[in-house]
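Colleague: Quick one, query12.cif (mmCIF, C-alpha atoms):
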data_upload
#
loop_
_atom_site.group_PDB
_atom_site.id
_atom_site.type_symbol
_atom_site.label_atom_id
_atom_site.label_comp_id
_atom_site.auth_asym_id
_atom_site.auth_seq_id
_atom_site.Cartn_x
_atom_site.Cartn_y
_atom_site.Cartn_z
ATOM 1 C CA MET Y 725 -3.247 47.205 50.647
ATOM 2 C CA LYS Y 726 -6.161 45.070 49.444
ATOM 3 C CA ARG Y 727 -6.035 41.336 49.555
ATOM 4 C CA CYS Y 728 -7.013 39.494 46.363
ATOM 5 C CA SER Y 729 -10.231 37.462 46.735
ATOM 6 C CA GLY Y 730 -10.101 37.851 50.506
ATOM 7 C CA PHE Y 731 -7.442 35.178 51.090
ATOM 8 C CA LEU Y 732 -3.692 34.776 50.943
ATOM 9 C CA GLN Y 733 -2.074 33.098 47.930
ATOM 10 C CA ARG Y 734 0.235 30.197 48.740
ATOM 11 C CA GLY Y 735 2.403 27.734 46.777
ATOM 12 C CA LEU Y 736 1.765 24.017 46.305
ATOM 13 C CA THR Y 737 3.290 21.642 48.782
ATOM 14 C CA LEU Y 738 5.570 18.790 47.654
ATOM 15 C CA LEU Y 739 2.753 16.302 48.303
ATOM 16 C CA GLU Y 740 0.332 18.285 46.160
ATOM 17 C CA LEU Y 741 2.879 18.536 43.348
ATOM 18 C CA SER Y 742 3.404 14.763 43.522
ATOM 19 C CA VAL Y 743 -0.328 14.149 43.245
ATOM 20 C CA VAL Y 744 -0.586 16.469 40.228
ATOM 21 C CA LEU Y 745 2.339 14.716 38.523
ATOM 22 C CA LEU Y 746 0.816 11.283 39.156
ATOM 23 C CA VAL Y 747 -2.474 12.432 37.628
ATOM 24 C CA LEU Y 748 -0.672 13.791 34.547
ATOM 25 C CA ILE Y 749 1.306 10.557 34.146
ATOM 26 C CA ALA Y 750 -1.874 8.506 34.406
ATOM 27 C CA LEU Y 751 -3.587 10.666 31.792
ATOM 28 C CA ALA Y 752 -0.565 10.361 29.496
ATOM 29 C CA GLY Y 753 -0.705 6.584 29.865
ATOM 30 C CA LEU Y 754 -4.337 6.588 28.820
ATOM 31 C CA MET Y 755 -3.579 8.772 25.802
ATOM 32 C CA VAL Y 756 -0.701 6.690 24.385
ATOM 33 C CA PRO Y 757 -2.847 3.823 23.001
ATOM 34 C CA TYR Y 758 -5.276 6.363 21.544
ATOM 35 C CA VAL Y 759 -2.503 8.355 19.842
ATOM 36 C CA VAL Y 760 -0.778 5.210 18.547
ATOM 37 C CA GLY Y 761 -4.073 3.799 17.292
ATOM 38 C CA THR Y 762 -4.977 7.069 15.611
ATOM 39 C CA GLY Y 763 -1.550 7.122 13.960
ATOM 40 C CA GLN Y 764 -1.976 3.597 12.603
ATOM 41 C CA MET Y 765 -5.450 4.425 11.327
ATOM 42 C CA ALA Y 766 -4.093 7.496 9.524
ATOM 43 C CA MET Y 767 -1.320 5.397 7.931
ATOM 44 C CA CYS Y 768 -3.904 2.855 6.814
ATOM 45 C CA GLN Y 769 -6.063 5.581 5.260
ATOM 46 C CA ALA Y 770 -3.039 7.174 3.582
ATOM 47 C CA THR Y 771 -2.069 3.790 2.110
ATOM 48 C CA ASP Y 772 -5.583 3.269 0.738
ATOM 49 C CA ALA Y 773 -5.451 6.739 -0.862
ATOM 50 C CA THR Y 774 -2.060 5.954 -2.424
ATOM 51 C CA MET Y 775 -3.377 2.688 -3.834
ATOM 52 C CA HIS Y 776 -6.342 4.493 -5.419
ATOM 53 C CA ALA Y 777 -3.893 6.960 -7.015
ATOM 54 C CA VAL Y 778 -1.860 4.034 -8.379
ATOM 55 C CA LYS Y 779 -5.031 2.438 -9.743
ATOM 56 C CA GLU Y 780 -5.837 5.641 -11.647
ATOM 57 C CA ALA Y 781 -2.246 5.843 -12.924
ATOM 58 C CA ILE Y 782 -2.643 2.351 -14.389
ATOM 59 C CA MET Y 783 -6.293 2.223 -15.454
ATOM 60 C CA GLY Y 784 -6.947 5.926 -16.023
ATOM 61 C CA GLY Y 785 -9.205 8.356 -14.235
ATOM 62 C CA SER Y 786 -10.060 12.017 -13.970
ATOM 63 C CA ALA Y 787 -6.533 12.987 -15.048
ATOM 64 C CA GLY Y 788 -6.864 11.021 -18.285
ATOM 65 C CA PRO Y 789 -5.839 7.613 -19.672
ATOM 66 C CA GLY Y 790 -3.288 5.601 -17.739
ATOM 67 C CA PHE Y 791 -0.553 3.093 -18.524
ATOM 68 C CA TYR Y 792 -3.056 0.396 -19.506
ATOM 69 C CA ALA Y 793 -4.710 2.469 -22.247
ATOM 70 C CA ASP Y 794 -1.484 4.060 -23.478
ATOM 71 C CA THR Y 795 0.167 0.658 -24.007
ATOM 72 C CA LEU Y 796 -2.937 -0.966 -25.519
ATOM 73 C CA GLY Y 797 -3.879 -3.189 -22.632
ATOM 74 C CA TYR Y 798 -0.703 -3.940 -20.676
ATOM 75 C CA TYR Y 799 -0.082 -3.642 -16.972
ATOM 76 C CA PRO Y 800 3.187 -1.943 -15.914
ATOM 77 C CA LYS Y 801 6.123 -4.027 -17.148
ATOM 78 C CA ASN Y 802 9.306 -3.583 -19.183
ATOM 79 C CA SER Y 803 7.977 -4.467 -22.651
ATOM 80 C CA ARG Y 804 5.117 -6.099 -24.529
ATOM 81 C CA ASN Y 805 7.228 -9.225 -25.012
ATOM 82 C CA SER Y 806 8.120 -9.740 -21.342
ATOM 83 C CA ASP Y 807 6.094 -12.141 -19.197
ATOM 84 C CA LEU Y 808 4.484 -11.911 -15.765
ATOM 85 C CA THR Y 809 7.858 -12.066 -14.011
ATOM 86 C CA ASP Y 810 8.461 -8.537 -15.293
ATOM 87 C CA ILE Y 811 5.295 -6.989 -13.813
ATOM 88 C CA ASN Y 812 6.534 -4.085 -11.685
ATOM 89 C CA LEU Y 813 5.180 -0.692 -10.613
ATOM 90 C CA THR Y 814 8.609 0.814 -11.246
ATOM 91 C CA TYR Y 815 7.514 1.106 -14.901
ATOM 92 C CA LEU Y 816 5.073 3.809 -13.885
ATOM 93 C CA PHE Y 817 8.220 5.919 -13.424
ATOM 94 C CA LYS Y 818 10.412 4.666 -16.283
ATOM 95 C CA PRO Y 819 9.398 3.593 -19.817
ATOM 96 C CA GLY Y 820 11.408 0.404 -20.116
ATOM 97 C CA GLU Y 821 11.290 -0.733 -23.747
ATOM 98 C CA PHE Y 822 7.898 0.775 -24.622
ATOM 99 C CA GLU Y 823 7.977 3.442 -27.319
ATOM 100 C CA SER Y 824 7.420 7.055 -26.361
ATOM 101 C CA TYR Y 825 3.871 8.368 -26.582
ATOM 102 C CA ASN Y 826 2.781 9.393 -30.067
ATOM 103 C CA PRO Y 827 0.017 12.056 -30.027
ATOM 104 C CA LYS Y 828 -1.129 11.045 -33.520
ATOM 105 C CA THR Y 829 -1.776 7.414 -32.607
ATOM 106 C CA ALA Y 830 -2.438 8.020 -28.879
ATOM 107 C CA VAL Y 831 -0.189 5.042 -28.156
ATOM 108 C CA GLY Y 832 3.015 4.791 -26.136
ATOM 109 C CA TRP Y 833 4.470 5.437 -22.703
ATOM 110 C CA ARG Y 834 3.888 9.023 -21.542
ATOM 111 C CA GLY Y 835 4.902 8.870 -17.937
ATOM 112 C CA PRO Y 836 5.840 9.315 -15.302
ATOM 113 C CA TYR Y 837 2.293 8.388 -14.390
ATOM 114 C CA LEU Y 838 2.914 9.299 -10.757
ATOM 115 C CA GLN Y 839 4.759 12.409 -9.629
ATOM 116 C CA THR Y 840 6.340 10.932 -6.545
ATOM 117 C CA GLY Y 841 7.568 7.496 -5.627
ATOM 118 C CA GLY Y 842 9.989 6.126 -3.116
ATOM 119 C CA VAL Y 843 13.073 3.973 -2.943
ATOM 120 C CA ALA Y 844 12.525 0.381 -1.890
ATOM 121 C CA PRO Y 845 14.413 -0.431 1.325
ATOM 122 C CA ALA Y 846 17.814 -2.019 0.741
ATOM 123 C CA SER Y 847 16.685 -4.976 2.839
ATOM 124 C CA LEU Y 848 13.190 -6.309 2.148
ATOM 125 C CA ASP Y 849 11.105 -8.901 3.969
ATOM 126 C CA ALA Y 850 11.425 -12.336 2.313
ATOM 127 C CA SER Y 851 7.778 -12.220 1.237
ATOM 128 C CA PHE Y 852 8.731 -9.421 -1.203
ATOM 129 C CA THR Y 853 11.685 -11.228 -2.737
ATOM 130 C CA ASP Y 854 10.998 -14.975 -2.747
ATOM 131 C CA THR Y 855 8.776 -15.913 -5.693
ATOM 132 C CA SER Y 856 8.463 -19.462 -4.366
ATOM 133 C CA GLU Y 857 6.287 -18.012 -1.614
ATOM 134 C CA GLY Y 858 3.653 -17.166 -4.239
ATOM 135 C CA LYS Y 859 3.532 -13.568 -3.072
ATOM 136 C CA VAL Y 860 5.161 -11.678 -5.966
ATOM 137 C CA HIS Y 861 5.789 -12.229 -9.666
ATOM 138 C CA GLN Y 862 9.167 -10.537 -9.647
ATOM 139 C CA VAL Y 863 12.019 -10.248 -7.223
ATOM 140 C CA LEU Y 864 11.922 -6.655 -6.017
ATOM 141 C CA THR Y 865 15.294 -4.945 -5.845
ATOM 142 C CA GLY Y 866 16.316 -2.801 -2.906
ATOM 143 C CA GLY Y 867 17.069 0.780 -3.945
ATOM 144 C CA GLN Y 868 14.691 0.569 -6.933
ATOM 145 C CA GLU Y 869 12.092 3.308 -7.342
ATOM 146 C CA GLN Y 870 8.718 1.987 -6.265
ATOM 147 C CA VAL Y 871 5.379 3.121 -4.878
ATOM 148 C CA LEU Y 872 5.622 2.826 -1.094
ATOM 149 C CA ASP Y 873 2.808 2.481 1.403
ATOM 150 C CA ALA Y 874 2.637 4.595 4.560
ATOM 151 C CA TRP Y 875 4.749 2.005 6.391
ATOM 152 C CA GLY Y 876 7.579 2.387 3.861
ATOM 153 C CA LYS Y 877 7.118 -0.951 2.082
ATOM 154 C CA PRO Y 878 6.552 -1.380 -1.692
ATOM 155 C CA ILE Y 879 3.006 -1.739 -2.985
ATOM 156 C CA VAL Y 880 2.998 -4.673 -5.409
ATOM 157 C CA LEU Y 881 0.893 -5.522 -8.445
ATOM 158 C CA GLN Y 882 -0.402 -9.106 -8.444
ATOM 159 C CA ILE Y 883 -1.975 -11.058 -11.312
ATOM 160 C CA PRO Y 884 -3.472 -14.199 -9.701
ATOM 161 C CA ILE Y 885 -2.716 -17.471 -11.501
ATOM 162 C CA ASP Y 886 -4.307 -20.912 -11.405
ATOM 163 C CA THR Y 887 -1.663 -23.512 -10.620
ATOM 164 C CA ASN Y 888 -4.029 -26.253 -11.846
ATOM 165 C CA ASP Y 889 -4.420 -24.696 -15.309
ATOM 166 C CA SER Y 890 -0.862 -24.408 -16.637
ATOM 167 C CA ASN Y 891 -0.289 -21.330 -14.483
ATOM 168 C CA LYS Y 892 -2.844 -19.439 -16.540
ATOM 169 C CA PRO Y 893 -3.091 -15.804 -15.385
ATOM 170 C CA ASN Y 894 -6.435 -14.119 -14.846
ATOM 171 C CA PHE Y 895 -5.942 -10.454 -15.691
ATOM 172 C CA ASP Y 896 -9.461 -9.554 -14.567
ATOM 173 C CA TYR Y 897 -8.314 -10.232 -10.999
ATOM 174 C CA ALA Y 898 -5.300 -7.902 -11.146
ATOM 175 C CA ARG Y 899 -4.880 -6.163 -7.802
ATOM 176 C CA LEU Y 900 -2.625 -3.884 -5.809
ATOM 177 C CA VAL Y 901 -1.438 -5.151 -2.437
ATOM 178 C CA SER Y 902 0.189 -3.376 0.508
ATOM 179 C CA ALA Y 903 1.787 -5.507 3.210
ATOM 180 C CA GLY Y 904 -0.013 -3.487 5.872
ATOM 181 C CA ARG Y 905 1.257 -2.593 9.297
ATOM 182 C CA ASN Y 906 3.081 -5.877 9.945
ATOM 183 C CA GLY Y 907 5.259 -5.325 6.861
ATOM 184 C CA SER Y 908 4.919 -8.912 5.627
ATOM 185 C CA LEU Y 909 3.126 -9.655 2.362
ATOM 186 C CA ASP Y 910 0.513 -12.293 3.178
ATOM 187 C CA THR Y 911 -1.716 -12.189 0.074
ATOM 188 C CA ALA Y 912 -0.516 -14.820 -2.386
ATOM 189 C CA ILE Y 913 -0.922 -14.906 -6.169
ATOM 190 C CA ALA Y 914 -1.325 -18.638 -6.769
ATOM 191 C CA TYR Y 915 -3.827 -21.034 -5.217
ATOM 192 C CA ASN Y 916 -4.921 -24.628 -5.696
ATOM 193 C CA GLY Y 917 -8.273 -26.213 -6.496
ATOM 194 C CA SER Y 918 -11.454 -24.200 -6.204
ATOM 195 C CA SER Y 919 -9.878 -21.467 -4.066
ATOM 196 C CA VAL Y 920 -7.955 -19.907 -6.928
ATOM 197 C CA TYR Y 921 -8.784 -16.309 -6.107
ATOM 198 C CA HIS Y 922 -9.637 -16.538 -2.412
ATOM 199 C CA PRO Y 923 -12.805 -14.400 -2.628
ATOM 200 C CA ASP Y 924 -13.264 -14.686 1.120
ATOM 201 C CA ALA Y 925 -9.947 -12.848 1.669
ATOM 202 C CA SER Y 926 -8.919 -15.477 4.223
ATOM 203 C CA ASP Y 927 -5.267 -15.165 3.214
ATOM 204 C CA ARG Y 928 -5.241 -11.372 3.471
ATOM 205 C CA ASN Y 929 -4.608 -10.765 7.193
ATOM 206 C CA ASP Y 930 -3.764 -7.045 7.586
ATOM 207 C CA ASP Y 931 -2.775 -6.542 3.929
ATOM 208 C CA ARG Y 932 -4.514 -3.754 2.024
ATOM 209 C CA VAL Y 933 -5.902 -4.978 -1.327
ATOM 210 C CA LEU Y 934 -7.386 -3.013 -4.221
ATOM 211 C CA TYR Y 935 -8.640 -4.694 -7.405
ATOM 212 C CA LEU Y 936 -8.042 -2.833 -10.681
ATOM 213 C CA ARG Y 937 -10.892 -4.131 -12.848
ATOM 214 C CA MET Y 938 -13.549 -5.454 -10.504
ATOM 215 C CA PRO Y 939 -15.125 -4.832 -7.086
ATOM 216 C CA ASP Y 940 -13.395 -6.424 -4.124
ATOM 217 C CA PRO Y 941 -14.917 -9.926 -3.621
ATOM 218 C CA ASP Y 942 -14.612 -9.360 0.126
ATOM 219 C CA HIS Y 943 -13.106 -6.418 1.976
ATOM 220 C CA ASN Y 944 -10.030 -5.188 3.805
ATOM 221 C CA GLU Y 945 -9.769 -4.928 7.554
ATOM 222 C CA PRO Y 946 -11.341 -1.536 8.481
ATOM 223 C CA CYS Y 947 -8.775 1.191 9.105
ATOM 224 C CA ASP Y 948 -10.415 2.121 12.408
ATOM 225 C CA SER Y 949 -9.585 -1.344 13.731
ATOM 226 C CA TYR Y 950 -5.818 -0.788 13.304
#
Just give me the structure as structure tokens.

Modeller:
Amino acid sequence: MKRCSGFLQRGLTLLELSVVLLVLIALAGLMVPYVVGTGQMAMCQATDATMHAVKEAIMGGSAGPGFYADTLGYYPKNSRNSDLTDINLTYLFKPGEFESYNPKTAVGWRGPYLQTGGVAPASLDASFTDTSEGKVHQVLTGGQEQVLDAWGKPIVLQIPIDTNDSNKPNFDYARLVSAGRNGSLDTAIAYNGSSVYHPDASDRNDDRVLYLRMPDPDHNEPCDSY
């Protein structure tokens, strides 16, 4: 009989197997931060894409006019008569008290403006529910249909207001905000003095922010830094 390659085959010793296992464990340890980081970056990118889809659902885009045009200049809320406390992305999925779309006048709610949403967690971080924190206009309700970011938290619509000018809203600065990876909504809607709209984004932390009617005065944290 011929010998393969001119030498005898033999099995690995216990010591050799141990060395191989240690090398594999070390390599796995090096890969974990990379995989986790890549996962967070992908969630960040997915959230940004979702926010752009929401922006088009409100302001219109390639698919046609959005909520804003159909309701003659209103952001998603229950009715024309309701105030800022009723601003809520849930009205992209349900009409509230707006009339149904009339093809002859091209006016009225013709949603749902998004095909898929999500159910807000039954228990939400306080920054989503406490209006005294200056983070949201409305108290979000657990179990309500919302637009969720990749981390499973509701994306909110903010209309910044000037607390030194009779709480006057500035609709030009309307923006979508995701709480980001830490799940806490840091971007506030009301500021004092000359820092009404925080153009330097110093209050943003890891939140994802997308303005509806203007370029971002600053920028979000890059997704590749997550």

Colleague: By how many Å are CA of Gly820 (chain Y) and CA of Met938 (chain Y) apart?

Modeller: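 Going from CA of Gly820 (chain Y) over to CA of Met938 (chain Y), I get 27.4 Å.
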
Colleague: What is the CA of Arg937 (chain Y) to CA of Tyr897 (chain Y) distance in Å?

Modeller: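 These atoms are spaced 6.9 Å apart.
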
Colleague: Could you jot down the CA of Gly867 (chain Y) to CA of Gly842 (chain Y) separation for me, Å, one decimal place?

Modeller: 8.9 Å

Colleague: Please evaluate the PyMOL selection byres ((chain Y and resi 779) around 12) against the displayed coordinates and give the resulting residues as a ChimeraX atom specification.

Modeller: /Y:772-778,780-787,789-792,799-800,813,816,837-838,871,879-881,898-901,933-938

Colleague: Taking C-alpha atoms for each residue, export the selection above as a PDB file, in the coordinates of the input.

Modeller:
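Just written: selection07.pdb:
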ATOM      1  CA  ASP Y 772      -5.583   3.269   0.738  1.00  0.00           C
ATOM      2  CA  ALA Y 773      -5.451   6.739  -0.862  1.00  0.00           C
ATOM      3  CA  THR Y 774      -2.060   5.954  -2.424  1.00  0.00           C
ATOM      4  CA  MET Y 775      -3.377   2.688  -3.834  1.00  0.00           C
ATOM      5  CA  HIS Y 776      -6.342   4.493  -5.419  1.00  0.00           C
ATOM      6  CA  ALA Y 777      -3.893   6.960  -7.015  1.00  0.00           C
ATOM      7  CA  VAL Y 778      -1.860   4.034  -8.379  1.00  0.00           C
ATOM      8  CA  GLU Y 780      -5.837   5.641 -11.647  1.00  0.00           C
ATOM      9  CA  ALA Y 781      -2.246   5.843 -12.924  1.00  0.00           C
ATOM     10  CA  ILE Y 782      -2.643   2.351 -14.389  1.00  0.00           C
ATOM     11  CA  MET Y 783      -6.293   2.223 -15.454  1.00  0.00           C
ATOM     12  CA  GLY Y 784      -6.947   5.926 -16.023  1.00  0.00           C
ATOM     13  CA  GLY Y 785      -9.205   8.356 -14.235  1.00  0.00           C
ATOM     14  CA  SER Y 786     -10.060  12.017 -13.970  1.00  0.00           C
ATOM     15  CA  ALA Y 787      -6.533  12.987 -15.048  1.00  0.00           C
ATOM     16  CA  PRO Y 789      -5.839   7.613 -19.672  1.00  0.00           C
ATOM     17  CA  GLY Y 790      -3.288   5.601 -17.739  1.00  0.00           C
ATOM     18  CA  PHE Y 791      -0.553   3.093 -18.524  1.00  0.00           C
ATOM     19  CA  TYR Y 792      -3.056   0.396 -19.506  1.00  0.00           C
ATOM     20  CA  TYR Y 799      -0.082  -3.642 -16.972  1.00  0.00           C
ATOM     21  CA  PRO Y 800       3.187  -1.943 -15.914  1.00  0.00           C
ATOM     22  CA  LEU Y 813       5.180  -0.692 -10.613  1.00  0.00           C
ATOM     23  CA  LEU Y 816       5.073   3.809 -13.885  1.00  0.00           C
ATOM     24  CA  TYR Y 837       2.293   8.388 -14.390  1.00  0.00           C
ATOM     25  CA  LEU Y 838       2.914   9.299 -10.757  1.00  0.00           C
ATOM     26  CA  VAL Y 871       5.379   3.121  -4.878  1.00  0.00           C
ATOM     27  CA  ILE Y 879       3.006  -1.739  -2.985  1.00  0.00           C
ATOM     28  CA  VAL Y 880       2.998  -4.673  -5.409  1.00  0.00           C
ATOM     29  CA  LEU Y 881       0.893  -5.522  -8.445  1.00  0.00           C
ATOM     30  CA  ALA Y 898      -5.300  -7.902 -11.146  1.00  0.00           C
ATOM     31  CA  ARG Y 899      -4.880  -6.163  -7.802  1.00  0.00           C
ATOM     32  CA  LEU Y 900      -2.625  -3.884  -5.809  1.00  0.00           C
ATOM     33  CA  VAL Y 901      -1.438  -5.151  -2.437  1.00  0.00           C
ATOM     34  CA  VAL Y 933      -5.902  -4.978  -1.327  1.00  0.00           C
ATOM     35  CA  LEU Y 934      -7.386  -3.013  -4.221  1.00  0.00           C
ATOM     36  CA  TYR Y 935      -8.640  -4.694  -7.405  1.00  0.00           C
ATOM     37  CA  LEU Y 936      -8.042  -2.833 -10.681  1.00  0.00           C
ATOM     38  CA  ARG Y 937     -10.892  -4.131 -12.848  1.00  0.00           C
ATOM     39  CA  MET Y 938     -13.549  -5.454 -10.504  1.00  0.00           C
TER      40      MET Y 938
END

Colleague: I'd like the neighbourhood of region 904-909 of chain Y as a VMD selection string, where a residue qualifies if any of its atoms comes within 7 Å (using only C-alpha atoms), though same-chain residues fewer than 2 positions away should be ignored.

Modeller: chain Y and resid 849 851 to 852 859 875 877 902 911 930 to 932

Colleague: Set the distance at 9 Å and use only C-alpha atoms: which residues neighbour Gly858 (chain Y) once local chain neighbours fewer than 2 positions away are removed? I'd like the list as a list in words.

Modeller: Ser851, Asp854, Thr855, Ser856, Val860, His861, Thr911, Ala912, Ile913, Ala914 and Tyr915 of chain Y

Colleague: Just want the 7 Å neighbourhood of Ala874 (chain Y), counted on all atoms listed in the file, with same-chain residues fewer than 4 positions away dropped. Output as number ranges by chain.

Modeller: Y: 767, 770-771

Colleague: Counting all atoms listed in the file, which of Y:Thr814, Y:Thr737, Y:Gln882, Y:Thr762 gets nearest to Ser949 (chain Y)?

Modeller: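 Using all atoms listed in the file, the shortest distance to Ser949 (chain Y) belongs to Y:Thr762.
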